[in-house]
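*Asks:* Structure supplied as upload.txt; contents: compact mmCIF, C-alpha atoms.
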```
# COMPACT_ATOMS: atom_id res chain seq x y z
CA MET A 976 75.82 -144.04 -69.09
CA SER A 977 75.62 -143.35 -65.34
CA ARG A 978 76.52 -140.01 -63.92
CA LEU A 979 80.25 -139.59 -63.12
CA GLY A 980 81.18 -138.83 -59.51
CA PRO A 981 83.98 -136.38 -58.65
CA ARG A 982 86.48 -139.21 -58.20
CA ASP A 983 85.57 -140.85 -61.51
CA LEU A 984 85.58 -137.49 -63.25
CA LEU A 985 89.10 -136.79 -61.97
CA GLY A 986 90.27 -140.19 -63.20
CA VAL A 987 88.82 -139.63 -66.66
CA GLY A 988 90.20 -136.10 -66.75
CA LEU A 989 93.71 -137.39 -66.02
CA ILE A 990 93.66 -139.86 -68.95
CA GLY A 991 95.13 -137.34 -71.35
CA ILE A 992 97.85 -136.37 -68.87
CA ARG A 993 98.81 -139.99 -68.08
CA THR A 994 98.84 -141.20 -71.67
CA ARG A 995 100.68 -138.19 -73.08
CA LYS A 996 103.17 -137.50 -70.29
CA MET A 997 105.74 -135.59 -72.34
CA ARG A 998 103.13 -133.32 -73.91
CA ALA A 999 101.54 -132.78 -70.50
CA LEU A 1000 104.96 -132.03 -68.98
CA LEU A 1001 105.80 -129.50 -71.67
CA SER A 1002 102.36 -127.91 -71.37
CA ALA A 1003 102.66 -127.66 -67.58
CA LEU A 1004 106.17 -126.27 -68.00
CA GLY A 1005 104.85 -123.58 -70.30
CA ILE A 1006 102.18 -122.67 -67.76
CA SER A 1007 104.80 -122.75 -64.96
CA ILE A 1008 107.01 -120.33 -66.83
CA GLY A 1009 104.05 -118.00 -67.33
CA ILE A 1010 103.06 -118.12 -63.66
CA ALA A 1011 106.70 -117.84 -62.52
CA THR A 1012 107.05 -114.80 -64.74
CA MET A 1013 104.00 -113.26 -63.11
CA VAL A 1014 105.41 -113.86 -59.61
CA VAL A 1015 108.84 -112.53 -60.59
CA VAL A 1016 107.60 -109.41 -62.40
CA THR A 1017 105.47 -108.51 -59.39
CA GLY A 1018 107.79 -109.77 -56.63
CA ILE A 1019 110.99 -108.04 -57.77
CA PRO A 1020 109.36 -104.60 -58.20
CA ALA A 1021 107.59 -105.11 -54.84
CA SER A 1022 110.92 -105.87 -53.15
CA SER A 1023 112.49 -102.87 -54.85
CA GLN A 1024 109.56 -100.75 -53.71
CA ALA A 1025 109.94 -101.96 -50.12
CA ASP A 1026 113.60 -100.97 -50.16
CA LEU A 1027 112.77 -97.56 -51.61
CA LEU A 1028 109.97 -96.98 -49.09
CA ARG A 1029 112.30 -97.99 -46.28
CA THR A 1030 114.82 -95.42 -47.50
CA LEU A 1031 112.13 -92.74 -47.76
CA SER A 1032 110.80 -93.59 -44.30
CA ALA A 1033 114.27 -93.02 -42.88
CA LEU A 1034 113.97 -89.45 -44.18
CA GLY A 1035 111.17 -88.74 -41.72
CA THR A 1036 107.96 -89.36 -43.62
CA ASN A 1037 106.04 -89.70 -40.35
CA THR A 1038 107.73 -86.99 -38.26
CA LEU A 1039 106.65 -83.50 -37.30
CA GLN A 1040 108.36 -80.73 -35.37
CA ALA A 1041 106.70 -78.00 -33.35
CA GLU A 1042 108.28 -74.91 -31.84
CA PRO A 1043 107.20 -71.43 -30.68
CA VAL A 1044 106.91 -68.70 -33.29
CA ASP A 1045 109.52 -65.96 -33.39
CA ARG A 1046 107.98 -63.04 -31.57
CA ASP A 1047 108.94 -60.21 -29.24
CA PRO A 1048 108.58 -60.81 -26.36
CA PRO A 1049 109.66 -64.46 -26.83
CA VAL A 1050 106.93 -67.10 -26.81
CA THR A 1051 107.31 -70.17 -24.60
CA LEU A 1052 105.59 -73.55 -24.74
CA PRO A 1053 103.77 -75.08 -21.76
CA GLU A 1054 105.81 -77.43 -19.59
CA ASP A 1055 103.39 -80.34 -20.08
CA ALA A 1056 103.20 -79.93 -23.89
CA PRO A 1057 105.20 -83.10 -24.75
CA ALA A 1058 102.92 -85.23 -22.56
CA MET A 1059 99.83 -83.69 -24.14
CA VAL A 1060 101.16 -84.40 -27.65
CA ALA A 1061 101.84 -88.02 -26.72
CA ARG A 1062 98.14 -88.44 -25.89
CA ILE A 1063 97.02 -87.71 -29.48
CA GLY A 1064 95.68 -91.01 -30.83
CA PRO A 1065 97.79 -91.50 -33.99
CA VAL A 1066 100.99 -90.25 -32.31
CA LEU A 1067 103.46 -93.09 -31.82
CA THR A 1068 106.05 -91.26 -29.76
CA ALA A 1069 106.79 -87.68 -28.72
CA SER A 1070 109.89 -86.09 -27.25
CA ALA A 1071 111.37 -82.66 -26.71
CA VAL A 1072 114.51 -80.60 -26.26
CA ALA A 1073 114.98 -77.24 -24.59
CA ASN A 1074 117.70 -74.64 -24.86
CA THR A 1075 119.26 -74.18 -21.44
CA HIS A 1076 121.16 -71.06 -22.61
CA SER A 1077 124.28 -72.43 -20.96
CA VAL A 1078 127.83 -72.31 -22.31
CA ILE A 1079 129.94 -75.43 -22.71
CA ARG A 1080 133.74 -75.44 -22.41
CA ARG A 1081 136.34 -78.10 -23.03
CA ASN A 1082 137.78 -77.41 -19.55
CA ASP A 1083 137.93 -74.71 -16.90
CA ARG A 1084 140.93 -73.01 -18.53
CA THR A 1085 139.15 -71.95 -21.71
CA ASP A 1086 137.29 -68.70 -22.26
CA ALA A 1087 134.03 -68.79 -20.29
CA GLN A 1088 132.23 -67.03 -23.14
CA ASP A 1089 133.51 -69.30 -25.94
CA GLY A 1090 130.85 -71.94 -26.47
CA LEU A 1091 132.34 -73.12 -29.78
CA GLY A 1092 129.01 -72.36 -31.49
CA LEU A 1093 127.40 -75.28 -29.64
CA THR A 1094 124.03 -75.40 -27.91
CA VAL A 1095 123.41 -77.06 -24.57
CA LEU A 1096 120.02 -78.77 -24.79
CA ALA A 1097 117.99 -80.53 -22.17
CA GLY A 1098 116.66 -83.69 -23.81
CA LYS A 1099 114.10 -86.34 -22.99
CA SER A 1100 115.39 -89.91 -22.68
CA ASN A 1101 113.24 -91.03 -25.66
CA LEU A 1102 114.66 -88.38 -27.99
CA LEU A 1103 116.91 -90.79 -29.86
CA THR A 1104 114.02 -93.18 -30.58
CA THR A 1105 111.75 -90.37 -31.76
CA LEU A 1106 114.38 -89.00 -34.16
CA ASN A 1107 115.49 -92.44 -35.41
CA GLY A 1108 119.00 -91.62 -34.28
CA THR A 1109 121.88 -93.95 -33.46
CA VAL A 1110 124.79 -93.83 -31.05
CA ARG A 1111 128.27 -93.85 -32.56
CA ALA A 1112 130.10 -94.43 -29.29
CA GLY A 1113 129.07 -94.98 -25.69
CA ARG A 1114 125.37 -94.78 -24.85
CA PHE A 1115 122.44 -92.40 -24.75
CA LEU A 1116 120.69 -90.89 -21.77
CA ASP A 1117 118.38 -93.19 -19.84
CA ALA A 1118 116.17 -92.98 -16.76
CA THR A 1119 119.22 -93.01 -14.49
CA SER A 1120 121.78 -90.92 -16.36
CA GLU A 1121 119.28 -88.17 -17.19
CA LYS A 1122 119.30 -87.22 -13.49
CA LEU A 1123 123.09 -87.09 -13.24
CA PRO A 1124 125.78 -84.70 -14.57
CA MET A 1125 126.25 -86.61 -17.82
CA VAL A 1126 126.05 -85.49 -21.44
CA VAL A 1127 125.77 -86.94 -24.93
CA LEU A 1128 127.41 -85.09 -27.81
CA GLY A 1129 126.12 -84.56 -31.32
CA SER A 1130 128.54 -85.45 -34.13
CA VAL A 1131 129.63 -81.84 -34.79
CA ALA A 1132 129.83 -81.04 -31.08
CA ALA A 1133 132.11 -84.03 -30.49
CA THR A 1134 134.47 -82.87 -33.28
CA ARG A 1135 134.66 -79.30 -32.00
CA LEU A 1136 135.33 -80.48 -28.46
CA GLY A 1137 138.04 -82.85 -29.67
CA PHE A 1138 136.37 -86.19 -28.95
CA SER A 1139 136.50 -88.74 -31.76
CA ASP A 1140 135.66 -91.82 -29.72
CA LEU A 1141 134.95 -93.13 -26.23
CA PRO A 1142 137.06 -96.28 -25.88
CA ALA A 1143 135.58 -98.92 -23.60
CA GLY A 1144 137.42 -99.51 -20.35
CA THR A 1145 138.91 -96.00 -20.21
CA THR A 1146 137.99 -93.06 -18.02
CA LYS A 1147 135.23 -91.01 -19.60
CA PRO A 1148 136.21 -87.43 -20.52
CA GLN A 1149 134.55 -84.46 -18.93
CA VAL A 1150 133.39 -81.07 -20.13
CA MET A 1151 132.32 -77.99 -18.22
CA ILE A 1152 128.87 -76.46 -18.54
CA GLY A 1153 128.60 -73.27 -16.56
CA ASP A 1154 130.59 -74.04 -13.43
CA GLN A 1155 129.66 -77.73 -13.34
CA TRP A 1156 131.68 -80.70 -14.66
CA PHE A 1157 129.74 -83.19 -16.80
CA THR A 1158 130.88 -86.64 -17.92
CA VAL A 1159 130.62 -87.47 -21.62
CA ILE A 1160 128.86 -90.83 -21.92
CA GLY A 1161 127.98 -90.92 -25.62
CA ILE A 1162 128.56 -89.56 -29.11
CA LEU A 1163 125.82 -89.63 -31.76
CA HIS A 1164 125.88 -90.31 -35.46
CA SER A 1165 124.94 -87.39 -37.69
CA PHE A 1166 121.23 -86.59 -38.18
CA THR A 1167 120.16 -86.04 -41.78
CA LEU A 1168 116.94 -84.20 -40.91
CA ASN A 1169 117.91 -82.60 -37.60
CA PRO A 1170 121.29 -80.88 -38.00
CA ASP A 1171 120.62 -78.82 -34.86
CA ILE A 1172 121.13 -81.98 -32.81
CA ASP A 1173 124.54 -82.47 -34.45
CA ARG A 1174 125.69 -79.17 -32.95
CA ALA A 1175 124.14 -79.87 -29.56
CA VAL A 1176 125.32 -81.10 -26.20
CA LEU A 1177 122.47 -83.07 -24.65
CA ILE A 1178 121.92 -83.20 -20.92
CA GLY A 1179 119.14 -85.08 -19.13
CA TRP A 1180 115.88 -83.19 -18.52
CA ASN A 1181 115.96 -83.65 -14.75
CA ALA A 1182 119.70 -82.92 -14.51
CA ALA A 1183 119.13 -79.65 -16.36
CA ARG A 1184 116.48 -78.69 -13.84
CA THR A 1185 118.70 -79.47 -10.88
CA LEU A 1186 122.11 -78.31 -12.09
CA LEU A 1187 121.35 -75.57 -14.64
CA ARG A 1188 118.16 -74.11 -13.16
CA PHE A 1189 116.20 -75.07 -16.27
CA ASP A 1190 112.51 -74.10 -16.07
CA GLY A 1191 111.20 -77.26 -17.80
CA ARG A 1192 109.65 -75.49 -20.81
CA PRO A 1193 110.44 -77.25 -24.11
CA THR A 1194 111.92 -75.35 -27.03
CA VAL A 1195 111.22 -77.92 -29.75
CA ILE A 1196 108.81 -80.87 -29.69
CA TYR A 1197 109.43 -83.83 -32.00
CA LEU A 1198 106.91 -86.57 -32.74
CA GLN A 1199 106.28 -89.59 -34.89
CA ALA A 1200 102.73 -90.38 -36.00
CA ARG A 1201 101.01 -92.88 -38.26
CA GLU A 1202 101.61 -91.77 -41.83
CA ASP A 1203 97.94 -91.99 -42.80
CA TYR A 1204 97.07 -89.43 -40.12
CA ILE A 1205 100.09 -87.13 -40.33
CA GLU A 1206 98.09 -84.22 -41.80
CA ALA A 1207 95.32 -84.65 -39.20
CA VAL A 1208 97.86 -84.66 -36.37
CA ARG A 1209 99.50 -81.54 -37.77
CA ALA A 1210 96.12 -79.79 -37.81
CA VAL A 1211 95.40 -80.38 -34.11
CA LEU A 1212 98.96 -80.00 -32.85
CA PRO A 1213 99.00 -76.22 -32.15
CA ALA A 1214 95.80 -76.36 -30.10
CA THR A 1215 97.07 -79.43 -28.24
CA ILE A 1216 100.42 -77.86 -27.37
CA ASN A 1217 99.05 -74.46 -26.38
CA PRO A 1218 95.24 -74.51 -26.08
CA GLN A 1219 95.06 -70.84 -25.04
CA HIS A 1220 97.30 -69.50 -27.82
CA PRO A 1221 97.55 -72.03 -30.68
CA SER A 1222 98.78 -69.30 -33.02
CA ASP A 1223 101.97 -69.14 -30.96
CA VAL A 1224 102.97 -72.61 -32.20
CA ARG A 1225 104.64 -73.24 -35.55
CA VAL A 1226 104.48 -76.80 -36.95
CA THR A 1227 106.64 -78.02 -39.81
CA ALA A 1228 104.93 -79.36 -42.92
CA PRO A 1229 105.14 -83.12 -43.53
CA SER A 1230 108.37 -84.16 -45.18
CA ASP A 1231 108.50 -83.99 -48.98
CA ALA A 1232 109.63 -87.61 -48.71
CA LEU A 1233 106.07 -88.50 -47.65
CA ALA A 1234 104.65 -87.16 -50.92
CA ALA A 1235 107.33 -89.06 -52.83
CA LYS A 1236 106.53 -92.22 -50.89
CA ARG A 1237 102.82 -91.99 -51.63
CA ALA A 1238 103.47 -91.32 -55.31
CA THR A 1239 105.77 -94.33 -55.40
CA GLN A 1240 103.14 -96.58 -53.82
CA THR A 1241 100.51 -95.47 -56.35
CA SER A 1242 102.82 -95.94 -59.33
CA PHE A 1243 103.99 -99.37 -58.23
CA SER A 1244 100.41 -100.54 -57.56
CA ALA A 1245 99.43 -99.70 -61.14
CA LEU A 1246 102.59 -101.42 -62.40
CA PHE A 1247 101.81 -104.60 -60.44
CA LEU A 1248 98.30 -104.81 -61.83
CA GLY A 1249 99.49 -104.31 -65.40
CA LEU A 1250 102.28 -106.89 -65.20
CA ALA A 1251 100.05 -109.46 -63.49
CA ALA A 1252 97.31 -109.00 -66.09
CA VAL A 1253 99.76 -109.51 -68.98
CA ALA A 1254 101.27 -112.63 -67.37
CA LEU A 1255 97.83 -114.13 -66.70
CA LEU A 1256 96.74 -113.42 -70.26
CA VAL A 1257 99.83 -115.16 -71.66
CA GLY A 1258 99.25 -118.14 -69.37
CA GLY A 1259 95.60 -118.37 -70.39
CA ILE A 1260 96.44 -118.33 -74.10
CA GLY A 1261 98.98 -121.12 -73.52
CA VAL A 1262 96.43 -123.32 -71.78
CA ALA A 1263 93.78 -122.68 -74.43
CA ASN A 1264 96.23 -123.51 -77.20
CA THR A 1265 97.27 -126.73 -75.49
CA MET A 1266 93.70 -127.88 -74.97
CA VAL A 1267 92.59 -127.05 -78.55
CA ILE A 1268 95.46 -129.14 -79.90
CA SER A 1269 94.50 -131.91 -77.47
CA VAL A 1270 90.95 -131.96 -78.84
CA LEU A 1271 92.22 -132.20 -82.42
CA GLU A 1272 94.60 -135.02 -81.53
CA ARG A 1273 91.99 -137.03 -79.64
CA ARG A 1274 89.01 -136.87 -81.97
CA ALA A 1275 88.99 -140.66 -82.28
CA GLU A 1276 88.96 -141.05 -78.49
CA ILE A 1277 86.10 -138.57 -78.22
CA GLY A 1278 84.12 -140.37 -80.92
CA LEU A 1279 84.66 -143.74 -79.24
CA ARG A 1280 83.50 -142.46 -75.90
CA ARG A 1281 80.44 -140.86 -77.47
CA ALA A 1282 79.66 -144.13 -79.29
CA LEU A 1283 79.87 -145.98 -75.97
CA GLY A 1284 77.28 -143.70 -74.41
CA ALA A 1285 79.14 -140.72 -72.96
CA HIS A 1286 76.98 -137.62 -73.30
CA ARG A 1287 78.16 -134.14 -74.10
CA GLY A 1288 78.28 -132.98 -70.49
CA GLN A 1289 80.69 -135.79 -69.57
CA ILE A 1290 82.97 -135.04 -72.55
CA ARG A 1291 82.92 -131.37 -71.62
CA ALA A 1292 83.69 -132.15 -67.97
CA GLN A 1293 86.56 -134.48 -68.97
CA PHE A 1294 88.42 -131.86 -70.99
CA LEU A 1295 87.62 -129.09 -68.54
CA THR A 1296 89.00 -131.19 -65.67
CA GLU A 1297 92.15 -131.93 -67.67
CA ALA A 1298 92.67 -128.22 -68.34
CA VAL A 1299 92.19 -127.28 -64.67
CA VAL A 1300 94.52 -130.03 -63.39
CA LEU A 1301 97.16 -129.17 -65.97
CA SER A 1302 96.96 -125.48 -65.04
CA ALA A 1303 96.98 -126.20 -61.29
CA LEU A 1304 100.13 -128.32 -61.61
CA GLY A 1305 101.76 -125.60 -63.67
CA GLY A 1306 100.61 -122.97 -61.19
CA ILE A 1307 102.13 -124.77 -58.21
CA GLY A 1308 105.43 -125.29 -59.98
CA GLY A 1309 105.46 -121.76 -61.38
CA THR A 1310 104.69 -120.18 -58.03
CA MET A 1311 107.52 -122.04 -56.31
CA LEU A 1312 109.90 -121.18 -59.14
CA GLY A 1313 108.88 -117.52 -59.08
CA ILE A 1314 109.25 -117.24 -55.29
CA THR A 1315 112.70 -118.83 -55.44
CA ALA A 1316 113.87 -116.51 -58.23
CA THR A 1317 112.47 -113.42 -56.51
CA THR A 1318 114.03 -114.33 -53.17
CA GLY A 1319 117.43 -114.95 -54.73
CA TYR A 1320 117.44 -111.66 -56.63
CA ALA A 1321 116.22 -109.62 -53.65
CA TRP A 1322 118.92 -111.09 -51.42
CA SER A 1323 121.57 -110.31 -54.02
CA GLN A 1324 120.47 -106.65 -53.97
CA ASN A 1325 120.13 -106.50 -50.14
CA TRP A 1326 116.43 -105.76 -50.52
CA PRO A 1327 113.70 -107.01 -48.20
CA VAL A 1328 112.00 -110.02 -49.80
CA VAL A 1329 108.40 -109.17 -50.69
CA ILE A 1330 106.12 -111.65 -52.45
CA PRO A 1331 102.76 -109.95 -53.08
CA ALA A 1332 99.93 -112.05 -51.70
CA GLY A 1333 97.98 -111.41 -54.88
CA ALA A 1334 100.75 -112.93 -56.97
CA THR A 1335 100.89 -116.05 -54.80
CA LEU A 1336 97.12 -116.50 -54.86
CA ALA A 1337 97.08 -115.97 -58.62
CA GLY A 1338 99.83 -118.53 -59.00
CA LEU A 1339 97.96 -121.17 -57.00
CA GLY A 1340 94.23 -120.53 -57.37
CA GLY A 1341 94.43 -118.24 -60.37
CA ALA A 1342 96.16 -120.89 -62.47
CA ALA A 1343 93.24 -123.28 -61.95
CA LEU A 1344 90.80 -120.49 -62.83
CA ILE A 1345 92.79 -119.76 -65.99
CA GLY A 1346 92.60 -123.43 -66.88
CA ALA A 1347 88.84 -123.44 -66.45
CA VAL A 1348 88.34 -120.32 -68.55
CA ALA A 1349 90.91 -121.27 -71.20
CA GLY A 1350 89.70 -124.86 -71.36
CA ALA A 1351 86.04 -123.95 -71.67
CA TYR A 1352 86.06 -123.46 -75.46
CA PRO A 1353 88.06 -126.62 -76.29
CA ALA A 1354 85.82 -128.61 -73.91
CA MET A 1355 82.67 -127.33 -75.59
CA ARG A 1356 84.19 -128.02 -79.01
CA ALA A 1357 84.95 -131.58 -77.99
CA ALA A 1358 81.43 -132.03 -76.63
CA ARG A 1359 79.87 -130.85 -79.91
CA LEU A 1360 81.65 -133.49 -81.98
CA MET A 1361 79.26 -136.13 -83.28
CA PRO A 1362 80.44 -139.75 -82.81
CA THR A 1363 80.49 -140.46 -86.57
CA GLU A 1364 82.35 -137.21 -87.30
CA ALA A 1365 84.94 -137.87 -84.62
CA LEU A 1366 85.53 -141.52 -85.62
CA SER A 1367 85.82 -140.67 -89.27
CA GLY A 1368 88.51 -138.07 -88.46
CA THR A 1369 86.82 -135.43 -90.67
```
Represent the structure from my file as structure tokens, please.
*Replies:*
Amino acid sequence: MSRLGPRDLLGVGLIGIRTRKMRALLSALGISIGIATMVVVTGIPASSQADLLRTLSALGTNTLQAEPVDRDPPVTLPEDAPAMVARIGPVLTASAVANTHSVIRRNDRTDAQDGLGLTVLAGKSNLLTTLNGTVRAGRFLDATSEKLPMVVLGSVAATRLGFSDLPAGTTKPQVMIGDQWFTVIGILHSFTLNPDIDRAVLIGWNAARTLLRFDGRPTVIYLQAREDYIEAVRAVLPATINPQHPSDVRVTAPSDALAAKRATQTSFSALFLGLAAVALLVGGIGVANTMVISVLERRAEIGLRRALGAHRGQIRAQFLTEAVVLSALGGIGGTMLGITATTGYAWSQNWPVVIPAGATLAGLGGAALIGAVAGAYPAMRAARLMPTEALSGT
């Protein structure tokens, strides 16, 4: 018998699928369920993990804070420290605030010494971005307003000053800082990790220089850096901020949320591997079982083909091809089913939809590989059948 080409081999391999459509459909369905299960049991935990990591990231897993140490006489930071910090490679953004030591009043008729326990801070225009803050009403300082007598209030400061909102289309209220009137242009939402900003009245950096005789030296420097390098950035930060006296700079430790996030990533990675391995094993056993039964059912067909001249390699290739095609069809269907189920569940929980690439590849290419491995033994068993043994049904 002549050697079978790939096209002929595929045609012969599909004989069992075409002639036993219901059995093939049920077998592919079983494989699909196994592959869909693999996608679901990896996709849903991955989506849950993404939501958890997003929540942990909001707690400042990539943020650091630097300030001068408490010492007598007081220690000050260099004026250009924020710009120097921003030049560190892994740093994504850096900002700063500075205590102007000014007193804020609701109006000019209140006690000049009663600052309501609030702090007037000069702030960089990128402070809100660096701290992942949001504006509750109005707007934040920008390149224009930071030069003008305008302020943004923290959530606690707004309450103590009697401002609950800044309705659009109405005249903006004013407060007095020192002997200067400032217009309130924004109110911030509360900061979970930076309560000092909640009790602050923020004025633009340049306006503080001009109107409050601010010397330009930052009190606190905030930064965001790539999480993988957060410890390395923390190590070089004191020397970057104050090269001559790095011991004068105190840097906060990385957030405990970062340790929790890394532990979560490690735990979920191990979980994904375990679930995927179990699902693949179940799928492989299903394919092997299907193909062994197929060999037992088709002994007469195998004997006839051997009697007509088919050699063992061709019989082996036929059943191996059938197993791979059956698994591939089940893998495609199972992957689509698993993605659909995962997407629907993630949306219902308001999670980001995450389908691990490994699960998708295993569903598509892995299913065919499972078919080849699981179909190898039945194919070899079919090839070992002698024509007389197969035709006699013994």
*Asks:* Do a neighbour search on range 1144-1160 of chain A at 12 Å with only C-alpha atoms, toss out local chain neighbours closer than 5 positions, and write the hits as a PyMOL selection string.
*Replies:* chain A and resi 1075-1090+1093-1096+1110-1117+1120-1129+1132-1133+1136-1139+1176-1179+1182-1183+1185-1188
*Asks:* To one decimal in Å, tell me the separation between CA of Ala1175 in chain A and CA of Arg1201 in chain A.
*Replies:*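 Interatomic distance, CA of Ala1175 in chain A to CA of Arg1201 in chain A: 27.9 Å.
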*Asks:* Find, counting all atoms listed in the file, the residue in A:Asn1325, A:Thr1105, A:Asn1037, A:Thr1134 that gets nearest to Ile1196 in chain A.
*Replies:*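 So, comparing all the options, the nearest one is A:Thr1105.
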*Asks:* What's the 12 Å shell around range 1207-1217 of chain A, counting all atoms listed in the file, without same-chain residues fewer than 5 positions away, as number ranges by chain?
*Replies:* A: 1037-1044, 1050-1067, 1069, 1071, 1192-1202, 1222-1230
*Asks:* Record the distance separating CA of Ile1006 in chain A and CA of Ile1314 in chain A, expressed in Å with one decimal.
*Replies:*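 Computed distance, CA of Ile1006 in chain A to CA of Ile1314 in chain A, equals 15.3 Å.
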*Asks:* In terms of the shortest atom-to-atom distance over only C-alpha atoms, which of A:Val1072, A:Ile1307, A:Ala1347, A:Leu1141 is closest to Asp1171 in chain A?
*Replies:* A:Val1072
*Asks:* What separation in Å, quoted to one decimal, exists between CA of Arg1029 in chain A and CA of His1164 in chain A?
*Replies:*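 Result for CA of Arg1029 in chain A versus CA of His1164 in chain A: 19.0 Å, one decimal.
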*Asks:* Quick one: residues within 9 Å of Ala1316 in chain A, only C-alpha atoms, excluding same-chain residues fewer than 6 positions away - as a list in words?
*Replies:*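 My list of contacting residues is Ala1011, Val1014, Val1015 and Ile1019 of chain A.
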*Asks:* Around all of range 1096-1101 of chain A's listed atoms, make the axis-aligned box with 5 Å on each side and tell me centre and edge lengths in Å to one decimal, as lines of an AutoDock Vina configuration file.
*Replies:*
```
center_x = 116.6
center_y = -84.9
center_z = -23.9
size_x = 16.8
size_y = 22.3
size_z = 13.5
```
*Asks:* Leaving out Thr1318 in chain A and any residue of its chain fewer than 3 positions from it, which residues lie within 12 Å of it when counting all atoms listed in the file, given as a list in words?
*Replies:*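 My reading of the contact set: Val1014, Val1015, Gly1018, Ile1019, Pro1020, Ala1021, Ser1022, Ser1023, Met1311, Leu1312, Gly1313, Ile1314, Thr1315, Ala1321, Trp1322, Ser1323, Gln1324, Asn1325, Trp1326, Pro1327, Val1328, Val1329 and Ile1330 of chain A.
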